[in-house]
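Q: This is the structure I have questions about; it appears just below.
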Amino acid sequence: MTFLDDLRFSLRLMRKAPGFTAVVVLTLALGIGANSALFSIVDAVLLRPLPYHDPQRLVMVRERSQQLGVEQQRVAPGNLRDWQSRNHVFEGMAFWPGWDGSHEFNLRGATGIERVNGSYVSSSLFPLLGVRHVLGRTFAPDEDQHEGNRAAILSYALWQRSFGGDPNVVGRSITIDSFNRRDYQVVGVMPRGFSFPERCELWLPAGWMGIPMDRRTSPWLDVIARLRPGVSLDRAQREIGGIQRQIAEQYPALRASSEVKLVSLLDHVVGRARQTMVILLATVAFVLLIACTNVANLLLARGAARQQEMAVRNALGAGRARILRQLLSENLFIAMLGGALGSLFAFWGIRLVQILGPRDISRLGNATVDLRVLSFTLLLSLITGLIFGLAPAWQLAQSEPAAWLAEGGRSAAGSAHLGRWRNLLIVGETAMAVTLLVGAGLMLRSLWRLDRVDPGFEAHGLVTAKLDLSSSRYSNSRQAGPNRPQLFTHQVLERLSALPGVEAAGAAYALPPAAATLPQTFAIEGHAYQKPNEYPNVTMRAVTPGYFRAMSIPILRGRGFTSNDTELTPDVVVINQTMARRYFSGENPLGKRINLGALTERGQDNRVETWWNEIIGVSGDV
C-alpha cells in the first residue's frame with residue numbers, strides 16, 4: 001500500500017464516523033486558528049523589518065529626566081542643534097514637532113474641509129528613511145528655514161482619495177487651515193503605504209512649525225537618527241550622553257538635568273505591545289496543547305475499539321511500522337483538515353482584532369493571512385498531528401494478536417496500559433486548563449478592581465465633545481482678535497448651561513485620563529533652590545470655571561475658578577489634594593504663590609521667565 005492508499009482508507013474511516021471527525025477537526029481548528037491569527041499579528045508587528053532602508057540602524061533619540069520622573073520625553077530644539085553639530089556617530093538626524101495640534105490639519109478642498117493627519121518635518125527625514133517619492137520631489141534643505149517655501153507633500157492614500165490620483169497634482173495649490181490659514185504648493189507624492197510618522201497623510205516643511213530652534217527648556221521635538229555603518233547603539237549612547245553632559249555644564253541654570261536615551265526605531269514603534277503579544281502567544285499555545293491532549297484522549301478511547309482491527313492486521317502480516325504509518329497518516333490527515341479550517345478562523349480572527357483591537361498598536365493593520373502565515377499553519381498542523389497522534393498510534397501499534405485473542409475480545413474498554421495513558425493525558429489537560437483558568441480569573445479580578453477605582457470624577461451622565469479652534473476663523477488674531485477662541489468657548493458653554501436637563505458645563509485643554517501636559521518644574525515662593533534638580537515638578541490642566549462642577553470634582557478647601565478670574569486679574573491656580581499634601585504638609589496652601597515659569601528660558605538671551613500664581617483652592621485627586 002502507498003501513502004495515497006493510507007489517505008483513502010483514512011477518508012473512509014472519517015465518513016463512517018462523521019460526528020467523531022467533526023468534533024476532532026473543530027477542536028483542532030480552534031486551537032490552530034487562534035495560533036495562526038496571533039502569529040500573523042506578531043509577524044506584522046514584531047517580526048517583519050520596518051519598510052525603510054537598513055532599518056536596524058534607525059534609532060529614536062529621546063531625553064530623560066530623573067528629577068521629573070520621565071524616562072522618555074521629546075527633545076529640546078537647542079539640544080538637537082548641538083547634537084547635530086558635535087556628534088560623530090550619526091549619519092543623519094531628522095525631526096518633527098510633537099506638541100498638541102501639530103499632527104492634525106484642516107485641508108480645504110472643493111468639497112469642503114477634510115481633517116487629515118499630518119506633520120511638519122525636516123527635509124532630512126525622507127532621505128534618512130531611504131524612502132523615495134513617486135511624484136515630484138521631497139523637501140529641500142532651504143525649506144527648513146523659518147517661513148521658507150510653502151511646500152506640501154501628499155501621501156499616496158490622500159492623493160488618491162482627495163485628488164483622484166491626478167498625475168498633474170504636483171504644482172497644485174492647496175489650502176491648509178490650521179494655526180492660520182495658508183496656501184501651500186504640492187511638490188511631491190509619497191509611495192503607497194508610507195505614513196511616517198504617526199499615520200501621516202500630509203507633510204509640511206519644518207520651517208513653518210513656529211518653534212524657536214534655540215529653546216532648551218521645551219521638549220517639543222521627536223528626533224530620529226541613522227547610525228553610521230559599524231557604530232553600535234552602545235557607542236552612540238555613550239557619545240551623545242557625553243555631549244549632553246557638556247550641554248548641562250554649559251547651561252547649568254536653565255533646566256533640570258537631563259540625559260539622552262537611544263531606542264531602536266522598531267522598539268519605539270512596537271512599544272509595550274511586545275510583552276503583551278508574547279503573553280498572548282504563550283496563552284494560545286496552551287490552548288492548542290489542551291486541544292491536542294483532548295484529541296489524543298478521543299483517539300485513545302476510539303483506539304480501544306480498534307484493537308481488534310490492529311490485532312487482525314498484525315496477524316495477517318502487517319508489521320508494527322506499517323500499522324504506525326497508517327495510524328499517523330490518519331492523524332495527519334485530520335490535522336490538515338483542522339489546519340485548513342483553522343486558516344479560515346484565523347482570517348476572521350485577524351479582522352475582528354483589527355476592528356475591535358487597540359488602535360495604538362503600530363502595523364496591526366498589516367496583519368493578514370499570507371504565504372508566511374499559511375506556511376506557519378501547515379507546519380503547525382504537521383506538528384499538531386504528531387503531538388496528538390503519536391501516543392495513541394504507538395499504543396495501538398503495540399497490539400499483540402495473541403494477547404487480544406486470549407482476552408476473547410472482552411477488552412472493549414481498552415487495556416490497562418491504554419487506560420494509564422488516558423489518565424496521564426487527562427491529568428496534563430486538567431493542569432493546563434486550570435493554569436489558563438487561574439490566569440483568566442486573575443485578569444477578571446484585576447478588571448473588576450480597576451472598574452471600582454474612584455477616578456475622582458463622576459462619569460455617569462457626563463457627555464463630552466471635542467472642539468477644534470485651530471482654524472483661522474478663531475486663531476488668526478489679526479482677523480478675529482486675540483480672544484476669539486476664548487469668546488467662542490464662553491458662548492458655547494453659556495448656551496449649553498441654559499439647555500434643559502444640563503446641570504453644568506465646562507471645558508478643559510484635555511480631559512482625563514489623558515495627560516494635560518508633560519511634567520514641568522515650578523518654584524514655591526519663599527523656598528530657596530540651589531540647583532536645578534532641587535525644583536519640584538507638576539503637570540497642569542487649563543480649565544473653565546464650570547469644569548469642577550461639571551465633572552463633580554470636589555473643592556475641598558478654598559474655592560474654584562469664577563468668571564471674575566480673567567487675564568486682567570492676578571493669575572490663580574487650584575491644586576489637588578496630593579500636591580497640597582506633598583509640598584505644603586502641615587501648612588495651609590491657600591494664599592501661597594508658585595512660579596510656574598521656573599527654569600524656563602525666555603528668548604535668545606536665556607532670561608528666566610517669572611509666572612507667579614496664587615493658590616486659591618484644593619480639589620480632590622483625579
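Letters A, B, ... go to the chains of the C-alpha cells in the order shown; residues in each chain start at 1; ligands are counted from 1 in the same order.
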Can you tell me, as a short mmCIF file (atom, residue, chain, number, x, y, z; two decimals) with N, CA, C and O atoms, in the first residue's frame, what residues are no more than 8 Å from region 73-84 of chain A when counting only C-alpha atoms, ignoring any on the same chain fewer than 2 positions away?
A:
data_model
loop_
_atom_site.label_atom_id
_atom_site.label_comp_id
_atom_site.auth_asym_id
_atom_site.auth_seq_id
_atom_site.Cartn_x
_atom_site.Cartn_y
_atom_site.Cartn_z
N VAL A 61 15.90 59.28 19.23
CA VAL A 61 16.71 59.96 20.23
C VAL A 61 15.77 60.68 21.18
O VAL A 61 14.99 61.55 20.76
N ARG A 62 15.82 60.32 22.44
CA ARG A 62 14.92 60.88 23.44
C ARG A 62 15.73 61.48 24.59
O ARG A 62 16.89 61.11 24.81
N GLU A 63 15.10 62.37 25.33
CA GLU A 63 15.67 62.85 26.58
C GLU A 63 14.95 62.18 27.73
O GLU A 63 13.80 61.75 27.61
N ARG A 64 15.64 62.08 28.86
CA ARG A 64 15.00 61.56 30.06
C ARG A 64 15.49 62.36 31.26
O ARG A 64 16.61 62.86 31.28
N VAL A 70 10.59 61.26 34.29
CA VAL A 70 10.24 60.96 32.91
C VAL A 70 11.36 60.12 32.30
O VAL A 70 12.49 60.57 32.21
N GLU A 71 11.04 58.89 31.89
CA GLU A 71 12.04 58.01 31.30
C GLU A 71 12.32 58.37 29.85
O GLU A 71 13.44 58.28 29.39
N ARG A 86 27.94 68.30 16.84
CA ARG A 86 29.06 67.74 17.59
C ARG A 86 29.23 66.23 17.44
O ARG A 86 30.31 65.70 17.73
N ASN A 87 28.21 65.50 17.02
CA ASN A 87 28.31 64.04 17.07
C ASN A 87 29.11 63.48 15.89
O ASN A 87 29.22 64.11 14.83
N MET A 93 20.31 63.14 11.01
CA MET A 93 19.27 63.29 12.03
C MET A 93 18.11 64.05 11.39
O MET A 93 18.30 64.91 10.53
N GLY A 98 6.18 67.55 18.30
CA GLY A 98 5.24 66.67 18.97
C GLY A 98 4.26 67.41 19.86
O GLY A 98 3.56 66.79 20.65
N PRO A 212 10.77 78.06 18.06
CA PRO A 212 12.13 78.62 18.10
C PRO A 212 13.15 77.51 18.30
O PRO A 212 13.07 76.75 19.26
N MET A 213 14.12 77.43 17.41
CA MET A 213 15.08 76.34 17.46
C MET A 213 16.22 76.58 18.45
O MET A 213 17.16 75.80 18.51
N ASP A 214 16.12 77.68 19.24
CA ASP A 214 17.17 77.92 20.24
C ASP A 214 16.70 77.57 21.65
O ASP A 214 17.47 77.67 22.60
N ARG A 215 15.45 77.17 21.81
CA ARG A 215 14.93 76.87 23.15
C ARG A 215 15.50 75.57 23.68
O ARG A 215 15.63 74.59 22.97
N ARG A 216 15.82 75.57 24.99
CA ARG A 216 16.39 74.37 25.61
C ARG A 216 15.52 73.81 26.73
O ARG A 216 15.82 72.75 27.26
N THR A 217 14.48 74.52 27.10
CA THR A 217 13.65 74.04 28.21
C THR A 217 12.32 73.48 27.75
O THR A 217 11.51 73.10 28.58
N SER A 218 12.08 73.43 26.47
CA SER A 218 10.80 72.96 25.96
C SER A 218 11.02 71.73 25.09
O SER A 218 11.46 71.85 23.94
N PRO A 219 10.77 70.54 25.62
CA PRO A 219 10.99 69.31 24.85
C PRO A 219 9.84 69.10 23.85
O PRO A 219 8.87 68.40 24.13
N TRP A 220 9.96 69.69 22.67
CA TRP A 220 8.90 69.69 21.68
C TRP A 220 9.12 68.72 20.53
O TRP A 220 8.19 68.40 19.80
N LEU A 221 10.35 68.31 20.29
CA LEU A 221 10.68 67.63 19.05
C LEU A 221 10.85 66.13 19.22
O LEU A 221 11.45 65.66 20.18
N ASP A 222 10.31 65.38 18.26
CA ASP A 222 10.65 63.97 18.10
C ASP A 222 11.84 63.91 17.15
O ASP A 222 11.83 64.54 16.08
N VAL A 223 12.85 63.13 17.52
CA VAL A 223 14.09 63.10 16.75
C VAL A 223 14.41 61.65 16.37
O VAL A 223 14.35 60.75 17.22
N ILE A 240 26.64 60.51 22.62
CA ILE A 240 25.60 61.53 22.76
C ILE A 240 25.40 61.87 24.23
O ILE A 240 25.13 63.03 24.58
N ILE A 243 28.00 64.41 25.08
CA ILE A 243 27.65 65.73 24.55
C ILE A 243 26.59 66.39 25.43
O ILE A 243 26.65 67.59 25.72
N GLN A 244 25.62 65.60 25.89
CA GLN A 244 24.56 66.16 26.73
C GLN A 244 25.11 66.64 28.07
O GLN A 244 24.64 67.65 28.62
N ILE A 247 26.52 69.99 27.51
CA ILE A 247 25.46 71.00 27.40
C ILE A 247 24.95 71.37 28.79
O ILE A 247 24.72 72.56 29.08
#
Q: Excluding Pro55 (chain A) and its own-chain neighbours fewer than 5 positions away, which residues fall within 10 Å of it when counting only C-alpha atoms? Please give them as JSON, numbers by chain.
A: {"A": [49, 50, 129, 130, 226, 264, 265, 266]}
Q: DSSP says helix (DSSP H, G or I) for which residues of region 61-93 of chain A? Put them as a PyMOL selection string?
A: chain A and resi 77-86
Q: Name the closest residue to Glu330 (chain A) among the candidates A:Leu299, A:Ile524, A:Met277, A:Ile553; distances are taken between atoms, counting only C-alpha atoms.
A: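 Ranking A:Leu299, A:Ile524, A:Met277, A:Ile553 by distance to Glu330 (chain A), first place goes to A:Leu299.
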Q: Please report as CSV every residue of region 30-119 of chain A lying within 9 Å of region 171-175 of chain A, along with the nearest atom pair and their distance in Å (one decimal), using only C-alpha atoms.
A:
residue,atom,partner,partner_atom,distance
A:Asn106,CA,A:Thr175,CA,8.3
A:Leu107,CA,A:Thr175,CA,6.1
A:Arg108,CA,A:Thr175,CA,5.4
A:Gly109,CA,A:Ile174,CA,7.4
Q: Between A:Arg57, A:Leu38, A:Ser585, A:Asn564, which has the minimum distance to Val278 (chain A) (counting only C-alpha atoms)?
A: A:Leu38
Q: May I ask which of the residues A:Thr539, A:Asp142, A:Leu352, A:Ser343 is the closest one to Phe376 (chain A), counting only C-alpha atoms?
A: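 Closest candidate: A:Ser343.
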Q: Hey, what's within 12 Å of Ser375 (chain A) if we count only C-alpha atoms and toss same-chain stuff fewer than 6 positions away? As a list of chain:residue names, please?
A: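 The neighbour list is A:Ser36, A:Phe39, A:Ser40, A:Gly339, A:Ala340, A:Ser343, A:Val369, A:Ser381, A:Leu382.
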Q: Keeping all heavy atoms, export the residues of the selection given above as a PDB file, in the first residue's frame.
A:
ATOM      1  N   SER A  36      -2.549  30.702  14.554  1.00  0.00           N
ATOM      2  CA  SER A  36      -2.232  31.300  13.261  1.00  0.00           C
ATOM      3  C   SER A  36      -2.596  32.778  13.242  1.00  0.00           C
ATOM      4  O   SER A  36      -1.843  33.611  12.703  1.00  0.00           O
ATOM      5  CB  SER A  36      -2.975  30.564  12.142  1.00  0.00           C
ATOM      6  OG  SER A  36      -2.562  29.217  12.059  1.00  0.00           O
ATOM      7  N   PHE A  39      -0.043  34.554  15.325  1.00  0.00           N
ATOM      8  CA  PHE A  39       1.248  34.588  14.623  1.00  0.00           C
ATOM      9  C   PHE A  39       1.233  35.663  13.543  1.00  0.00           C
ATOM     10  O   PHE A  39       2.226  36.366  13.337  1.00  0.00           O
ATOM     11  CB  PHE A  39       1.560  33.234  14.001  1.00  0.00           C
ATOM     12  CG  PHE A  39       2.765  33.268  13.103  1.00  0.00           C
ATOM     13  CD1 PHE A  39       4.047  33.240  13.642  1.00  0.00           C
ATOM     14  CD2 PHE A  39       2.626  33.349  11.718  1.00  0.00           C
ATOM     15  CE1 PHE A  39       5.160  33.293  12.815  1.00  0.00           C
ATOM     16  CE2 PHE A  39       3.734  33.396  10.897  1.00  0.00           C
ATOM     17  CZ  PHE A  39       5.006  33.378  11.440  1.00  0.00           C
ATOM     18  N   SER A  40       0.118  35.793  12.833  1.00  0.00           N
ATOM     19  CA  SER A  40       0.022  36.818  11.800  1.00  0.00           C
ATOM     20  C   SER A  40       0.199  38.210  12.394  1.00  0.00           C
ATOM     21  O   SER A  40       0.906  39.059  11.829  1.00  0.00           O
ATOM     22  CB  SER A  40      -1.333  36.726  11.094  1.00  0.00           C
ATOM     23  OG  SER A  40      -1.496  37.777  10.173  1.00  0.00           O
ATOM     24  N   GLY A 339      -6.203  22.292  10.174  1.00  0.00           N
ATOM     25  CA  GLY A 339      -5.427  23.454   9.776  1.00  0.00           C
ATOM     26  C   GLY A 339      -6.117  24.274   8.715  1.00  0.00           C
ATOM     27  O   GLY A 339      -6.076  25.511   8.735  1.00  0.00           O
ATOM     28  N   ALA A 340      -6.757  23.598   7.735  1.00  0.00           N
ATOM     29  CA  ALA A 340      -7.473  24.322   6.681  1.00  0.00           C
ATOM     30  C   ALA A 340      -8.629  25.136   7.261  1.00  0.00           C
ATOM     31  O   ALA A 340      -8.810  26.321   6.930  1.00  0.00           O
ATOM     32  CB  ALA A 340      -7.988  23.335   5.635  1.00  0.00           C
ATOM     33  N   SER A 343      -7.271  28.068   9.241  1.00  0.00           N
ATOM     34  CA  SER A 343      -6.868  29.234   8.442  1.00  0.00           C
ATOM     35  C   SER A 343      -8.048  30.173   8.230  1.00  0.00           C
ATOM     36  O   SER A 343      -7.895  31.404   8.270  1.00  0.00           O
ATOM     37  CB  SER A 343      -6.303  28.777   7.093  1.00  0.00           C
ATOM     38  OG  SER A 343      -5.148  27.999   7.274  1.00  0.00           O
ATOM     39  N   VAL A 369      -3.627  36.918   6.374  1.00  0.00           N
ATOM     40  CA  VAL A 369      -3.293  35.509   6.127  1.00  0.00           C
ATOM     41  C   VAL A 369      -2.572  35.438   4.793  1.00  0.00           C
ATOM     42  O   VAL A 369      -3.183  35.329   3.725  1.00  0.00           O
ATOM     43  CB  VAL A 369      -4.563  34.633   6.122  1.00  0.00           C
ATOM     44  CG1 VAL A 369      -4.194  33.175   5.849  1.00  0.00           C
ATOM     45  CG2 VAL A 369      -5.290  34.731   7.455  1.00  0.00           C
ATOM     46  N   SER A 381       0.160  22.450  11.759  1.00  0.00           N
ATOM     47  CA  SER A 381      -0.744  21.311  11.600  1.00  0.00           C
ATOM     48  C   SER A 381       0.031  19.994  11.630  1.00  0.00           C
ATOM     49  O   SER A 381      -0.409  19.010  12.246  1.00  0.00           O
ATOM     50  CB  SER A 381      -1.520  21.445  10.291  1.00  0.00           C
ATOM     51  OG  SER A 381      -2.292  22.630  10.276  1.00  0.00           O
ATOM     52  N   LEU A 382       1.188  19.962  10.961  1.00  0.00           N
ATOM     53  CA  LEU A 382       2.007  18.745  10.973  1.00  0.00           C
ATOM     54  C   LEU A 382       2.481  18.424  12.385  1.00  0.00           C
ATOM     55  O   LEU A 382       2.406  17.265  12.832  1.00  0.00           O
ATOM     56  CB  LEU A 382       3.197  18.917  10.035  1.00  0.00           C
ATOM     57  CG  LEU A 382       2.889  18.991   8.537  1.00  0.00           C
ATOM     58  CD1 LEU A 382       4.141  19.345   7.742  1.00  0.00           C
ATOM     59  CD2 LEU A 382       2.299  17.667   8.058  1.00  0.00           C
TER      60      LEU A 382
END
Q: Here is a test: counting only C-alpha atoms, which residue of A:Leu280, A:Ala206, A:Leu332, A:Ala236 is nearest to Glu147 (chain A)?
A: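 Checking each of A:Leu280, A:Ala206, A:Leu332, A:Ala236 against Glu147 (chain A), counting only C-alpha atoms, the winner is A:Ala206.
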Q: Do you have the CA of Gly136 (chain A)-CA of Val186 (chain A) distance handy?
A: 8.5 Å
Q: Skip region 354-365 of chain A itself and residues of its chain fewer than 5 positions away, then list as a ChimeraX atom specification all residues within 12 Å of it, counting only C-alpha atoms.
A: /A:37-51,193-199,265-274,276-277,347-349
Q: For Ser124 (chain A), which of A:Ala505, A:Leu289, A:Ala580, A:Ala94 is the closest residue, counting only C-alpha atoms?
A: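 Checking each candidate against Ser124 (chain A), we get A:Ala94 as the closest.
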Q: May I have the residues within 7 Å of His103 (chain A) as a list in words, using only C-alpha atoms and disregarding those fewer than 3 positions away in the same chain?
A: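 That gives Asn117, Gly118 and Ser119 of chain A.
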Q: Write the selection just made, keeping all heavy atoms, as a PDB file, in the first residue's frame?
A:
ATOM      1  N   ASN A 117      -4.400  63.682   9.150  1.00  0.00           N
ATOM      2  CA  ASN A 117      -3.207  63.596   9.988  1.00  0.00           C
ATOM      3  C   ASN A 117      -2.005  64.072   9.182  1.00  0.00           C
ATOM      4  O   ASN A 117      -1.843  63.697   8.015  1.00  0.00           O
ATOM      5  CB  ASN A 117      -2.975  62.156  10.449  1.00  0.00           C
ATOM      6  CG  ASN A 117      -4.020  61.688  11.425  1.00  0.00           C
ATOM      7  OD1 ASN A 117      -4.581  62.479  12.167  1.00  0.00           O
ATOM      8  ND2 ASN A 117      -4.299  60.395  11.423  1.00  0.00           N
ATOM      9  N   GLY A 118      -1.179  64.877   9.792  1.00  0.00           N
ATOM     10  CA  GLY A 118      -0.007  65.396   9.102  1.00  0.00           C
ATOM     11  C   GLY A 118       1.074  65.775  10.078  1.00  0.00           C
ATOM     12  O   GLY A 118       0.950  65.579  11.291  1.00  0.00           O
ATOM     13  N   SER A 119       2.158  66.342   9.572  1.00  0.00           N
ATOM     14  CA  SER A 119       3.247  66.738  10.438  1.00  0.00           C
ATOM     15  C   SER A 119       4.154  67.714   9.703  1.00  0.00           C
ATOM     16  O   SER A 119       4.285  67.673   8.477  1.00  0.00           O
ATOM     17  CB  SER A 119       4.060  65.520  10.883  1.00  0.00           C
ATOM     18  OG  SER A 119       5.057  65.893  11.812  1.00  0.00           O
TER      19      SER A 119
END
Q: Can you list, as a list in words, every protein, DNA or RNA residue that comes within 10 Å of Val134 (chain A) when you count only C-alpha atoms, leaving out same-chain residues fewer than 6 positions away?
A: Ser155, Tyr156, Gly188, Val189, Met190, Pro191 and Arg192 of chain A
Q: Ranking A:Ser446, A:Thr368, A:Ser122, A:Thr293 by minimum distance to Ile387 (chain A) and counting only C-alpha atoms, which one comes first?
A: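 The answer is A:Thr293, which sits nearest to Ile387 (chain A).
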Q: Counting only C-alpha atoms, what is within 10 Å of Tyr583 (chain A), bar same-chain residues fewer than 5 positions away, as number ranges by chain?
A: A: 524, 536, 578, 589
Q: Please, could you write that set of residues out with N, CA and C atoms as a CSV table (one decimal), in the first residue's frame?
A:
chain,number,residue,atom,x,y,z
A,524,ILE,N,8.2,77.3,44.7
A,524,ILE,CA,7.3,77.8,45.7
A,524,ILE,C,7.9,79.0,46.3
A,536,PRO,N,10.7,71.2,42.4
A,536,PRO,CA,9.7,70.2,42.2
A,536,PRO,C,9.1,70.3,40.8
A,578,THR,N,-3.2,65.8,46.5
A,578,THR,CA,-1.8,65.2,46.6
A,578,THR,C,-0.8,66.2,46.6
A,589,PRO,N,-2.1,75.8,52.2
A,589,PRO,CA,-1.6,76.2,51.0
A,589,PRO,C,-2.3,77.4,50.4
